[in-house]
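Source file coords_4.cif; content: mmCIF, C-alpha atoms and all ligand atoms.
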data_run
#
loop_
_atom_site.label_atom_id
_atom_site.label_comp_id
_atom_site.auth_asym_id
_atom_site.auth_seq_id
_atom_site.Cartn_x
_atom_site.Cartn_y
_atom_site.Cartn_z
CA MET A 15 -6.33 45.41 3.01
CA GLY A 16 -3.68 43.06 1.84
CA SER A 17 -4.59 44.00 -1.74
CA GLY A 18 -1.23 45.71 -2.16
CA CYS A 19 -2.69 49.09 -3.14
CA VAL A 20 -3.16 50.94 0.16
CA ILE A 21 -0.95 53.80 1.26
CA THR A 22 0.58 52.90 4.61
CA ARG A 23 0.58 55.80 7.05
CA ARG A 24 3.22 56.32 9.69
CA LEU A 25 1.41 57.57 12.79
CA SER A 26 3.11 59.45 15.60
CA PRO A 27 2.15 58.77 19.23
CA ASP A 28 -0.16 61.80 19.25
CA GLU A 29 -2.14 60.26 16.39
CA LEU A 30 -3.39 57.42 18.57
CA GLU A 31 -6.98 58.40 17.66
CA VAL A 32 -6.30 57.68 14.01
CA ALA A 33 -5.01 54.22 14.86
CA ILE A 34 -8.14 53.53 16.93
CA GLU A 35 -10.38 54.64 14.04
CA LEU A 36 -8.54 52.57 11.45
CA LEU A 37 -8.75 49.47 13.62
CA GLY A 38 -12.45 50.16 14.17
CA ASP A 39 -12.91 50.23 10.39
CA GLY A 40 -11.42 46.75 10.21
CA ALA A 41 -8.02 47.89 8.92
CA LEU A 42 -4.62 46.54 10.00
CA VAL A 43 -2.31 48.72 12.09
CA ALA A 44 1.19 47.73 13.18
CA VAL A 45 1.74 48.63 16.82
CA PRO A 46 4.81 48.94 19.02
CA THR A 47 5.39 46.58 21.92
CA GLU A 48 8.36 46.10 24.23
CA THR A 49 9.30 42.85 22.42
CA VAL A 50 8.77 43.50 18.69
CA TYR A 51 6.17 45.37 16.62
CA GLY A 52 2.88 43.52 16.19
CA LEU A 53 0.49 43.56 13.22
CA ALA A 54 -2.82 44.27 14.95
CA ALA A 55 -6.45 43.66 14.12
CA ARG A 56 -9.45 43.85 16.43
CA ALA A 57 -10.28 40.45 17.90
CA ASP A 58 -13.97 40.98 17.05
CA ARG A 59 -13.37 41.55 13.32
CA PRO A 60 -13.00 38.18 11.53
CA ASP A 61 -12.40 39.97 8.19
CA ALA A 62 -9.50 41.94 9.65
CA LEU A 63 -8.11 38.85 11.38
CA ALA A 64 -8.09 37.00 8.06
CA ALA A 65 -6.36 39.97 6.37
CA ILE A 66 -3.39 39.59 8.76
CA PHE A 67 -2.49 36.33 7.04
CA THR A 68 -2.69 37.90 3.57
CA ALA A 69 -0.59 40.92 4.55
CA LYS A 70 2.16 38.79 6.14
CA GLY A 71 2.04 35.99 3.60
CA ARG A 72 1.51 33.74 6.59
CA PRO A 73 -0.01 30.28 6.10
CA ALA A 74 -3.55 30.01 7.48
CA GLY A 75 -3.90 28.02 10.67
CA HIS A 76 -0.93 29.59 12.49
CA PRO A 77 -2.49 30.92 15.71
CA LEU A 78 -2.25 34.60 16.75
CA ILE A 79 -1.52 36.06 20.18
CA LEU A 80 -4.28 38.18 21.78
CA HIS A 81 -3.03 41.39 23.40
CA LEU A 82 -4.97 42.74 26.38
CA ALA A 83 -4.80 46.13 28.11
CA SER A 84 -4.81 44.51 31.53
CA ALA A 85 -4.77 41.14 33.28
CA ASP A 86 -8.28 41.98 34.54
CA ASP A 87 -9.66 40.99 31.12
CA LEU A 88 -8.01 37.56 31.07
CA GLY A 89 -11.15 35.68 32.11
CA ARG A 90 -13.10 36.97 29.10
CA TRP A 91 -10.79 35.19 26.68
CA ALA A 92 -9.30 32.24 28.54
CA VAL A 93 -9.77 29.85 31.42
CA ALA A 94 -7.14 30.86 33.95
CA ASP A 95 -6.25 28.48 36.77
CA GLU A 96 -4.30 29.51 39.89
CA ARG A 97 -1.00 29.07 38.09
CA ALA A 98 -2.05 31.39 35.25
CA THR A 99 -3.38 33.99 37.67
CA ALA A 100 -0.12 34.01 39.63
CA LEU A 101 2.00 34.30 36.49
CA ALA A 102 -0.15 37.12 35.11
CA GLU A 103 0.24 38.94 38.40
CA ALA A 104 4.01 38.45 38.34
CA PHE A 105 4.86 39.16 34.70
CA TRP A 106 2.15 41.35 33.12
CA PRO A 107 2.53 43.79 31.58
CA GLY A 108 5.61 42.14 30.10
CA PRO A 109 7.23 39.86 27.53
CA PHE A 110 5.30 36.77 28.61
CA THR A 111 2.57 34.89 26.70
CA MET A 112 0.41 32.12 28.14
CA VAL A 113 -1.33 29.48 26.03
CA LEU A 114 -4.52 28.61 27.91
CA PRO A 115 -7.90 26.97 27.24
CA ARG A 116 -9.96 29.49 25.27
CA THR A 117 -13.47 30.84 25.85
CA ASP A 118 -16.19 31.03 23.17
CA LEU A 119 -15.46 34.73 22.66
CA VAL A 120 -12.23 33.91 20.81
CA ASP A 121 -12.58 33.80 17.02
CA ASP A 122 -11.37 30.63 15.27
CA THR A 123 -9.05 32.69 13.08
CA VAL A 124 -7.10 33.63 16.22
CA THR A 125 -6.66 30.06 17.42
CA GLY A 126 -6.37 28.36 14.05
CA GLY A 127 -9.20 26.13 15.22
CA ARG A 128 -7.38 25.05 18.38
CA ASP A 129 -9.11 24.91 21.76
CA THR A 130 -6.34 27.03 23.27
CA VAL A 131 -5.43 30.71 22.93
CA GLY A 132 -2.16 32.64 23.40
CA ILE A 133 -2.53 35.82 25.48
CA ARG A 134 -0.31 38.57 26.81
CA VAL A 135 -0.40 42.15 28.15
CA PRO A 136 2.33 44.15 26.38
CA ASP A 137 4.50 46.52 28.39
CA HIS A 138 4.09 49.53 26.12
CA ASP A 139 1.89 52.42 27.34
CA LEU A 140 0.86 53.61 23.90
CA THR A 141 -0.33 50.20 22.79
CA ARG A 142 -2.04 49.44 26.08
CA ARG A 143 -3.96 52.72 25.75
CA LEU A 144 -4.86 51.77 22.18
CA ILE A 145 -6.25 48.43 23.32
CA GLU A 146 -8.11 49.96 26.25
CA ARG A 147 -9.73 52.65 24.12
CA GLY A 148 -10.78 50.10 21.48
CA GLY A 149 -12.64 48.10 24.11
CA THR A 150 -11.57 44.69 22.85
CA ALA A 151 -8.40 42.63 22.54
CA LEU A 152 -6.04 43.10 19.60
CA ALA A 153 -4.76 39.99 17.83
CA ALA A 154 -1.21 40.53 16.62
CA PRO A 155 1.58 38.39 15.23
CA SER A 156 4.97 40.01 14.69
CA ALA A 157 4.66 42.65 11.94
CA ASN A 158 7.09 41.10 9.44
CA ARG A 159 6.64 39.19 6.21
CA PHE A 160 6.35 35.49 7.02
CA GLY A 161 9.78 33.96 7.68
CA ALA A 162 11.58 37.32 7.94
CA VAL A 163 13.28 38.81 11.00
CA SER A 164 10.78 40.40 13.42
CA PRO A 165 10.61 44.23 13.34
CA THR A 166 11.84 46.24 16.30
CA GLU A 167 11.33 49.67 14.69
CA ALA A 168 8.58 51.28 12.60
CA ASP A 169 11.02 51.44 9.66
CA HIS A 170 11.39 47.65 9.74
CA VAL A 171 7.62 47.29 9.52
CA LEU A 172 7.50 49.58 6.48
CA THR A 173 10.34 47.67 4.80
CA ASP A 174 8.25 44.51 4.98
CA LEU A 175 4.64 45.71 4.80
CA ASP A 176 4.50 49.14 3.14
CA GLY A 177 1.45 49.21 0.86
CA ARG A 178 -0.03 46.12 2.52
CA ILE A 179 -1.36 47.59 5.79
CA ALA A 180 -3.18 50.80 6.72
CA ALA A 181 -0.66 52.24 9.17
CA VAL A 182 2.20 51.76 11.59
CA LEU A 183 2.04 53.49 14.94
CA ASP A 184 5.59 54.63 15.66
CA GLY A 185 6.37 54.05 19.32
CA GLY A 186 10.15 53.99 19.00
CA ALA A 187 12.52 51.03 19.15
CA SER A 188 11.34 47.94 21.04
CA ARG A 189 13.05 47.69 24.41
CA VAL A 190 13.42 43.88 24.73
CA GLY A 191 14.00 43.22 21.03
CA VAL A 192 13.05 39.53 20.82
CA GLU A 193 9.58 37.96 20.98
CA SER A 194 7.86 37.06 24.24
CA THR A 195 8.36 33.88 26.21
CA ILE A 196 5.50 31.45 25.45
CA LEU A 197 4.36 29.09 28.21
CA GLU A 198 1.59 26.53 27.70
CA LEU A 199 -0.55 25.93 30.79
CA LEU A 200 -3.19 23.26 30.28
CA PRO A 201 -5.28 21.47 32.92
CA GLY A 202 -3.56 18.45 34.40
CA ARG A 203 -0.36 19.09 32.43
CA PRO A 204 2.97 20.52 33.59
CA PRO A 205 3.81 24.08 32.51
CA THR A 206 5.49 23.76 29.13
CA LEU A 207 7.89 26.20 27.45
CA LEU A 208 7.07 26.74 23.75
CA ARG A 209 9.42 29.66 23.11
CA PRO A 210 12.10 31.28 25.31
CA GLY A 211 11.96 35.09 25.58
CA GLY A 212 12.21 38.02 27.95
CA ILE A 213 10.96 36.10 31.00
CA SER A 214 13.23 33.18 31.92
CA VAL A 215 12.32 29.64 32.95
CA VAL A 216 13.99 30.30 36.30
CA GLU A 217 11.69 33.27 36.93
CA ILE A 218 8.61 31.23 35.94
CA GLU A 219 9.63 28.31 38.16
CA GLY A 220 10.17 30.77 40.99
CA VAL A 221 6.55 31.89 40.80
CA LEU A 222 5.04 28.43 40.26
CA GLY A 223 7.26 26.44 42.60
CA ALA A 224 7.16 23.79 39.88
CA THR A 225 9.41 22.60 37.08
CA VAL A 226 8.83 23.91 33.56
CA VAL A 227 9.00 21.24 30.84
CA ASP A 228 10.77 22.10 27.57
CA GLY A 229 8.13 21.78 24.85
CA ARG A 230 10.43 22.72 22.00
CA THR A 231 11.58 19.20 21.31
CA GLY A 232 9.25 16.77 19.55
CA GLU A 233 6.25 17.87 17.57
CA SER A 234 6.28 21.58 16.73
CA ARG A 235 3.31 23.42 18.14
CA ALA A 236 4.32 27.05 17.78
CA ALA A 237 5.23 28.49 14.39
CA GLY A 238 8.21 30.11 16.08
CA MET A 239 9.48 26.58 16.50
CA LEU A 240 9.72 25.86 12.79
CA ALA A 241 13.35 25.24 11.89
CA SER A 242 13.93 28.19 9.57
CA HIS A 243 12.44 31.36 10.96
CA TYR A 244 13.69 34.83 11.80
CA ALA A 245 15.96 34.48 8.79
CA PRO A 246 17.58 37.27 6.76
CA THR A 247 18.48 36.75 3.08
CA ALA A 248 22.17 36.07 3.73
CA THR A 249 23.30 32.72 5.12
CA VAL A 250 23.74 32.97 8.88
CA GLU A 251 26.51 30.98 10.57
CA LEU A 252 27.22 30.77 14.26
CA VAL A 253 30.82 31.22 15.33
CA GLU A 254 31.89 29.88 18.68
CA SER A 255 33.13 32.59 20.98
CA GLY A 256 36.95 32.54 21.05
CA THR A 257 37.39 30.81 17.67
CA SER A 258 38.25 32.79 14.57
CA PRO A 259 37.35 31.48 11.12
CA PRO A 260 39.42 32.92 8.26
CA ALA A 261 38.12 36.25 6.92
CA ARG A 262 36.36 36.12 3.57
CA ASP A 263 35.17 38.88 1.28
CA GLY A 264 31.43 38.99 1.40
CA ASP A 265 31.24 38.24 5.13
CA ALA A 266 29.58 40.44 7.70
CA TRP A 267 29.86 39.89 11.45
CA ILE A 268 27.69 40.39 14.51
CA VAL A 269 29.71 40.30 17.71
CA PRO A 270 29.33 41.18 21.39
CA SER A 271 31.58 44.13 22.16
CA GLY A 272 35.06 43.05 23.21
CA THR A 273 35.04 40.03 20.85
CA PRO A 274 37.97 39.99 18.43
CA ARG A 275 37.12 39.72 14.72
CA PRO A 276 39.12 39.85 11.49
CA ASP A 277 40.28 43.34 10.48
CA GLY A 278 38.37 45.25 7.86
CA VAL A 279 35.18 43.20 7.85
CA ARG A 280 31.74 44.76 7.97
CA ALA A 281 30.44 44.28 11.48
CA ALA A 282 27.76 45.23 13.92
CA GLN A 283 29.02 45.36 17.49
CA LEU A 284 26.33 44.71 20.10
CA PRO A 285 26.48 45.07 23.89
CA ALA A 286 28.20 42.11 25.56
CA ASP A 287 25.38 41.44 28.02
CA GLY A 288 22.54 39.22 26.77
CA ALA A 289 19.72 41.72 27.28
CA GLY A 290 21.55 44.52 25.50
CA TYR A 291 22.55 42.14 22.71
CA ALA A 292 18.95 40.94 22.29
CA ALA A 293 17.71 44.52 22.06
CA GLY A 294 19.97 45.20 19.07
CA LEU A 295 20.06 41.80 17.35
CA TYR A 296 17.19 42.07 14.85
CA ARG A 297 18.20 45.56 13.82
CA ALA A 298 21.76 44.34 13.24
CA LEU A 299 20.54 41.40 11.15
CA ARG A 300 18.36 43.68 9.03
CA ASP A 301 21.02 46.39 8.63
CA LEU A 302 23.78 43.98 7.65
CA ASP A 303 21.49 42.00 5.36
CA ARG A 304 20.75 45.16 3.37
CA LEU A 305 24.45 45.39 2.49
CA GLY A 306 24.06 42.10 0.62
CA PRO A 307 26.74 39.93 2.30
CA ASP A 308 27.04 36.23 1.36
CA ARG A 309 27.25 35.26 4.99
CA ILE A 310 26.52 36.84 8.33
CA LEU A 311 28.81 35.33 10.98
CA VAL A 312 27.41 35.67 14.47
CA VAL A 313 29.07 35.35 17.84
CA ALA A 314 26.50 34.92 20.65
CA PRO A 315 26.75 36.66 24.03
CA THR A 316 27.85 34.54 26.99
CA GLU A 317 26.87 36.68 29.98
CA GLY A 318 23.77 38.38 31.35
CA ASP A 319 20.05 37.75 30.73
CA LEU A 320 18.08 36.44 27.76
CA LEU A 321 20.85 34.05 26.69
CA ASP A 322 18.33 31.26 25.96
CA ALA A 323 16.16 33.54 23.85
CA VAL A 324 19.14 34.83 21.88
CA ALA A 325 20.53 31.31 21.33
CA ASP A 326 17.09 30.14 20.17
CA ARG A 327 16.68 32.94 17.61
CA LEU A 328 20.26 32.57 16.33
CA ALA A 329 19.80 28.82 15.89
CA LYS A 330 16.66 29.47 13.85
CA ALA A 331 18.31 32.17 11.75
CA ALA A 332 21.18 29.75 11.06
CA ALA A 333 18.96 26.71 10.34
CA PRO A 334 19.09 25.29 6.81
CA ARG A 335 16.34 26.71 4.60
O1 LIG B 401 6.40 39.18 21.62
C1 LIG B 401 5.54 38.62 20.96
O2 LIG B 401 5.00 37.56 21.32
C2 LIG B 401 5.12 39.30 19.63
C3 LIG B 401 4.46 40.62 19.98
C4 LIG B 401 3.87 41.29 18.77
O3 LIG B 401 3.48 40.43 20.97
N1 LIG B 401 4.24 38.45 18.92
C5 LIG B 401 4.66 37.35 18.25
O4 LIG B 401 3.66 36.75 17.49
O5 LIG B 401 5.79 36.94 18.28
P1 LIG B 401 3.94 35.61 16.42
O6 LIG B 401 2.62 35.33 15.81
O7 LIG B 401 5.01 36.04 15.50
O8 LIG B 401 4.38 34.41 17.25
C6 LIG B 401 3.44 33.87 18.14
C7 LIG B 401 3.72 32.43 18.40
C8 LIG B 401 3.58 31.60 17.15
O9 LIG B 401 4.69 30.73 17.10
C9 LIG B 401 2.30 30.84 17.40
O10 LIG B 401 2.31 29.58 16.78
C10 LIG B 401 2.29 30.74 18.91
O11 LIG B 401 2.76 31.97 19.33
N2 LIG B 401 0.93 30.55 19.41
C11 LIG B 401 -0.07 31.46 19.46
N3 LIG B 401 -1.20 30.90 19.94
C12 LIG B 401 -0.90 29.62 20.21
C13 LIG B 401 -1.66 28.51 20.70
N4 LIG B 401 -2.93 28.61 21.00
N5 LIG B 401 -1.01 27.34 20.84
C14 LIG B 401 0.31 27.22 20.53
N6 LIG B 401 1.06 28.22 20.04
C15 LIG B 401 0.47 29.41 19.88
MG MG B 402 6.54 36.05 14.23
#
Can I see the file as structure tokens?
Ligand code: TXA
Ligand code: MG
Amino acid sequence: MGSGCVITRRLSPDELEVAIELLGDGALVAVPTETVYGLAARADRPDALAAIFTAKGRPAGHPLILHLASADDLGRWAVADERATALAEAFWPGPFTMVLPRTDLVDDTVTGGRDTVGIRVPDHDLTRRLIERGGTALAAPSANRFGAVSPTEADHVLTDLDGRIAAVLDGGASRVGVESTILELLPGRPPTLLRPGGISVVEIEGVLGATVVDGRTGESRAAGMLASHYAPTATVELVESGTSPPARDGDAWIVPSGTPRPDGVRAAQLPADGAGYAAGLYRALRDLDRLGPDRILVVAPTEGDLLDAVADRLAKAAAPR
């Protein structure tokens, strides 16, 4: 694995058994989730966990999220207080990751040596069955090359990782389209948002009856917080809704439907509501990037859900590299 000489298989949903076998052999399999595709290895295979970093070109020490089949398994991997139990009950399966104190069962490769672990239960039947049948958690970062846009389709995974992983299990396009919300919950500390995603701060505060602190300012703890991330090859520039920079050859645009744009430019039109826009954003970035534009100009959505998550990912895609 990661040697660059394997043939990557595309598995259909009825080839779930093959995916289970490959993982059992210590191979890497990309798996669908409702957020983005993950690059999975069994949590009890340190060799496979290490191979994730080689395949992605990801620096060692970046922690991985553990994916469970059910919230019932949480206590095996993490120390869950009342807050964590309530949030798991409310949002799992779903696009919500908690960073909690770890148990001894968690391999150091997963945590990058930290005493905490990130955990979620994905809302994708195929992948939950895969985890359940394997009998252990699957560690999985997003299944893209390090620094690239996360994959929301099996094709995106193959673009980035063909020949570097054993297989991709094709479960269709990811429904949410951006990575999970990450909330840090440590003893004696307020709940802290590390990454906005499919579950909003308002929803979390509703369950906890407590204020969520924004942990994105100050020292960066999650790799998703690094300035340049989720970036295509073209320069990405944000355009304020309602303004209209002069058209240039070599530009491509991403706009919510109904937004005016210069005539004749290459453009991807996404749904105007935040959730619909999020679901199509990474595909649009990848598709337009393949056309080789100098710049991708992006107008963000202004209505609906997931506006924080979309704004966060766009800011990172547009950050200086
Ligand atoms: O939606 C998602 O979360 C997707 C799907 C595949 O589940 N996964 C994902 O993984 O986005 P990744 O590795 O690309 O991003 C996970 C983020 C990283 O920024 C990592 O630093 C952070 O989670 N993270 C994981 N464990 C952590 C920990 N113990 N403490 C702080 N941050 C952690
Ligand atoms: Mg990632």
Selection as number ranges by chain: residues within 6 Å of (8.0, 18.8, 32.1), counting only C-alpha atoms: A: 204, 226-227
Residues of stretch 163-225 of chain A at most 9 Å from stretch 47-57 of chain A: nearest atom pair and distance in Å, all atoms listed in the file, as JSON lines:
{"residue": "A:Ser164", "atom": "CA", "partner": "A:Val50", "partner_atom": "CA", "distance": 6.4}
{"residue": "A:Pro165", "atom": "CA", "partner": "A:Tyr51", "partner_atom": "CA", "distance": 5.6}
{"residue": "A:Thr166", "atom": "CA", "partner": "A:Val50", "partner_atom": "CA", "distance": 4.8}
{"residue": "A:Glu167", "atom": "CA", "partner": "A:Tyr51", "partner_atom": "CA", "distance": 7.0}
{"residue": "A:Ala168", "atom": "CA", "partner": "A:Tyr51", "partner_atom": "CA", "distance": 7.5}
{"residue": "A:His170", "atom": "CA", "partner": "A:Tyr51", "partner_atom": "CA", "distance": 8.9}
{"residue": "A:Val171", "atom": "CA", "partner": "A:Tyr51", "partner_atom": "CA", "distance": 7.5}
{"residue": "A:Ile179", "atom": "CA", "partner": "A:Leu53", "partner_atom": "CA", "distance": 8.7}
{"residue": "A:Val182", "atom": "CA", "partner": "A:Leu53", "partner_atom": "CA", "distance": 8.5}
{"residue": "A:Gly185", "atom": "CA", "partner": "A:Thr47", "partner_atom": "CA", "distance": 8.0}
{"residue": "A:Ala187", "atom": "CA", "partner": "A:Glu48", "partner_atom": "CA", "distance": 8.2}
{"residue": "A:Ser188", "atom": "CA", "partner": "A:Glu48", "partner_atom": "CA", "distance": 4.7}
{"residue": "A:Arg189", "atom": "CA", "partner": "A:Glu48", "partner_atom": "CA", "distance": 5.0}
{"residue": "A:Val190", "atom": "CA", "partner": "A:Thr49", "partner_atom": "CA", "distance": 4.8}
{"residue": "A:Gly191", "atom": "CA", "partner": "A:Thr49", "partner_atom": "CA", "distance": 4.9}
{"residue": "A:Val192", "atom": "CA", "partner": "A:Thr49", "partner_atom": "CA", "distance": 5.3}
{"residue": "A:Glu193", "atom": "CA", "partner": "A:Thr49", "partner_atom": "CA", "distance": 5.1}
{"residue": "A:Ser194", "atom": "CA", "partner": "A:Thr49", "partner_atom": "CA", "distance": 6.2}
{"residue": "A:Gly211", "atom": "CA", "partner": "A:Thr49", "partner_atom": "CA", "distance": 8.8}
{"residue": "A:Gly212", "atom": "CA", "partner": "A:Thr49", "partner_atom": "CA", "distance": 7.9}
Cut-off 12 Å, all atoms listed in the file, neighbours of ligand MG 402 (chain B) as number ranges by chain: A: 49-53, 66-67, 70-73, 76-79, 154-166, 192-194, 209, 236-240, 242-245, 327
Pick from A:Glu251, A:Glu96, A:Asp137, A:Asp277 nearest to A:Leu328, counting all atoms listed in the file: A:Glu251
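With distances restricted to only C-alpha atoms, A:Leu30 is the closest residue to A:Arg143 from A:Gly229, A:Leu200, A:Leu30, A:Gly220.
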Atom-to-atom span, atom CA of A:Phe105 and atom CA of A:Ser84, Å: 11.5 Å
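Remark: for A:Ala100, the closest of the candidate residues A:Asp263, A:Asp174, A:Glu219, A:Asp303 is A:Glu219 (distances computed over all atoms listed in the file).
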Close residues, stretch 87-90 of chain A itself excluded, 10 Å, all atoms listed in the file, min 2 positions apart in chain, as a PyMOL selection string: chain A and resi 81-85+92-95+98-99+102+116-120+133-135+150-151
How big is the axis-aligned box around the listed atoms of ligand LIG 401 (chain B) once 4 Å is added on each side, and where is its centre? Give both in Å to one decimal, as lines of an AutoDock Vina configuration file.
center_x = 1.7
center_y = 34.3
center_z = 18.6
size_x = 17.3
size_y = 22.1
size_z = 14.1
Residue contacts of A:Thr22 (8 Å, only C-alpha atoms) excluding same-chain residues fewer than 4 positions away, as a PyMOL selection string: chain A and resi 172+176-182
7 Å contact set for A:Ala62, only C-alpha atoms, chain neighbours under 5 positions out, as a PyMOL selection string: chain A and resi 40-42+55
